[in-house]
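The next block holds one structure in the form of structure tokens; read it before the comments.
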Amino acid sequence: MKSKDSNHPLLLLDNSNMNTLFNEGEFKCTNMSFEEAREIIGMYDKDEIILCFSQPDTYDIIFNYIGIPKKDYQRKKLYYLIIKSKILVIDWCESSK
């Protein structure tokens, strides 16, 4: 099943830029496995996902570890994006313990 709401892309964040979201609206936090994160990412087309990782190497490290095929995803700075977007934060440091 693919998302059809192109006005609200899935933003992929890492734990370094997650603090940018505080005071920008209401959010629900849920712990999930890397497998669940991979399934969520798989529900979206490439053009519906925007990478907002603060460090460029995060993409290679996380996608290789989770086992997600690399694609030419859009990359943008988080503060340029619509707050009503769906957001998936991958907390690499916490998850790798």
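Ligands are numbered from 1 in the order shown, residues from 1 within each chain, and chains are lettered A, B, ... in the order they appear in the structure tokens.
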
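Residues lying within 7 Å of region 54-65 of chain A, counting only C-alpha atoms and ignoring same-chain neighbours fewer than 4 positions away, are Asp14, Ser16, Asn17 and Lys70 of chain A.
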
Take the residues from that selection and write them out as an mmCIF file, in the first residue's frame, keeping N, CA and C atoms.
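The new file part_20.cif reads:
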data_model
loop_
_atom_site.group_PDB
_atom_site.id
_atom_site.type_symbol
_atom_site.label_atom_id
_atom_site.label_comp_id
_atom_site.auth_asym_id
_atom_site.auth_seq_id
_atom_site.Cartn_x
_atom_site.Cartn_y
_atom_site.Cartn_z
ATOM 1 N N ASP A 14 17.169 11.905 12.273
ATOM 2 C CA ASP A 14 17.969 11.160 13.233
ATOM 3 C C ASP A 14 17.833 11.845 14.590
ATOM 4 N N SER A 16 19.861 13.511 16.239
ATOM 5 C CA SER A 16 20.541 14.801 16.342
ATOM 6 C C SER A 16 19.650 15.981 15.990
ATOM 7 N N ASN A 17 18.715 15.784 15.072
ATOM 8 C CA ASN A 17 17.860 16.919 14.685
ATOM 9 C C ASN A 17 16.427 16.781 15.187
ATOM 10 N N LYS A 70 18.905 1.497 -1.093
ATOM 11 C CA LYS A 70 19.174 2.930 -1.241
ATOM 12 C C LYS A 70 18.520 3.446 -2.512
#

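Counting only C-alpha atoms, Cys52 (chain A) has the following residues at most 7 Å away, ignoring those fewer than 4 positions along the same chain: Leu11, Leu12, Leu13, Arg75, Lys76, Lys77 and Leu78 of chain A.
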
Write a file of the just-selected residues containing N, CA and C atoms, as a PDB file, in the first residue's frame.
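Wrote it out as selection_34.pdb, contents follow:
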ATOM      1  N   LEU A  11       9.096  12.332   6.678  1.00  0.00           N
ATOM      2  CA  LEU A  11      10.406  12.922   6.938  1.00  0.00           C
ATOM      3  C   LEU A  11      11.219  11.947   7.773  1.00  0.00           C
ATOM      4  N   LEU A  12      12.408  11.608   7.325  1.00  0.00           N
ATOM      5  CA  LEU A  12      13.287  10.731   8.088  1.00  0.00           C
ATOM      6  C   LEU A  12      14.305  11.590   8.823  1.00  0.00           C
ATOM      7  N   LEU A  13      14.274  11.531  10.145  1.00  0.00           N
ATOM      8  CA  LEU A  13      15.173  12.313  10.990  1.00  0.00           C
ATOM      9  C   LEU A  13      16.067  11.374  11.781  1.00  0.00           C
ATOM     10  N   ARG A  75      16.613  15.426  -0.234  1.00  0.00           N
ATOM     11  CA  ARG A  75      17.265  15.844   1.010  1.00  0.00           C
ATOM     12  C   ARG A  75      16.949  17.317   1.225  1.00  0.00           C
ATOM     13  N   LYS A  76      16.481  17.622   2.425  1.00  0.00           N
ATOM     14  CA  LYS A  76      16.180  19.016   2.753  1.00  0.00           C
ATOM     15  C   LYS A  76      16.503  19.273   4.215  1.00  0.00           C
ATOM     16  N   LYS A  77      16.701  20.533   4.524  1.00  0.00           N
ATOM     17  CA  LYS A  77      16.870  20.941   5.912  1.00  0.00           C
ATOM     18  C   LYS A  77      15.510  20.876   6.584  1.00  0.00           C
ATOM     19  N   LEU A  78      15.465  20.402   7.787  1.00  0.00           N
ATOM     20  CA  LEU A  78      14.209  20.186   8.491  1.00  0.00           C
ATOM     21  C   LEU A  78      13.388  21.457   8.640  1.00  0.00           C
TER      22      LEU A  78
END

One decimal, in Å: what's the spacing between CA of Ile50 (chain A) and CA of Asn19 (chain A)?
17.5 Å

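With distances restricted to only C-alpha atoms, A:Tyr44 is the closest residue to Leu10 (chain A) from A:Phe34, A:Phe27, A:Tyr73, A:Tyr44.
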
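Omitting Asp72 (chain A) and its sequence neighbours fewer than 4 positions away, and counting only C-alpha atoms, the residues within 12 Å are A:Asp45, A:Lys46, A:Asp47, A:Glu48, A:Ile49, A:Ile50, A:Leu51, A:Tyr59.
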
Could the residues in this selection be saved with C-alpha atoms as an mmCIF file, in the first residue's frame?
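Dumped everything to again.cif:
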data_model
loop_
_atom_site.group_PDB
_atom_site.id
_atom_site.type_symbol
_atom_site.label_atom_id
_atom_site.label_comp_id
_atom_site.auth_asym_id
_atom_site.auth_seq_id
_atom_site.Cartn_x
_atom_site.Cartn_y
_atom_site.Cartn_z
ATOM 1 C CA ASP A 45 7.146 5.914 -2.787
ATOM 2 C CA LYS A 46 10.622 7.391 -3.175
ATOM 3 C CA ASP A 47 9.180 10.817 -3.984
ATOM 4 C CA GLU A 48 7.140 10.841 -0.764
ATOM 5 C CA ILE A 49 10.187 10.520 1.501
ATOM 6 C CA ILE A 50 12.520 13.354 2.466
ATOM 7 C CA LEU A 51 15.812 12.746 4.280
ATOM 8 C CA TYR A 59 21.914 7.601 5.518
#

Pick from A:Pro9, A:Glu26, A:Phe53, A:Gly67 nearest to Arg38 (chain A), counting only C-alpha atoms
A:Gly67

One decimal, Å: what's the distance from CA of Gly42 (chain A) over to CA of Gln74 (chain A), could you say?
15.6 Å
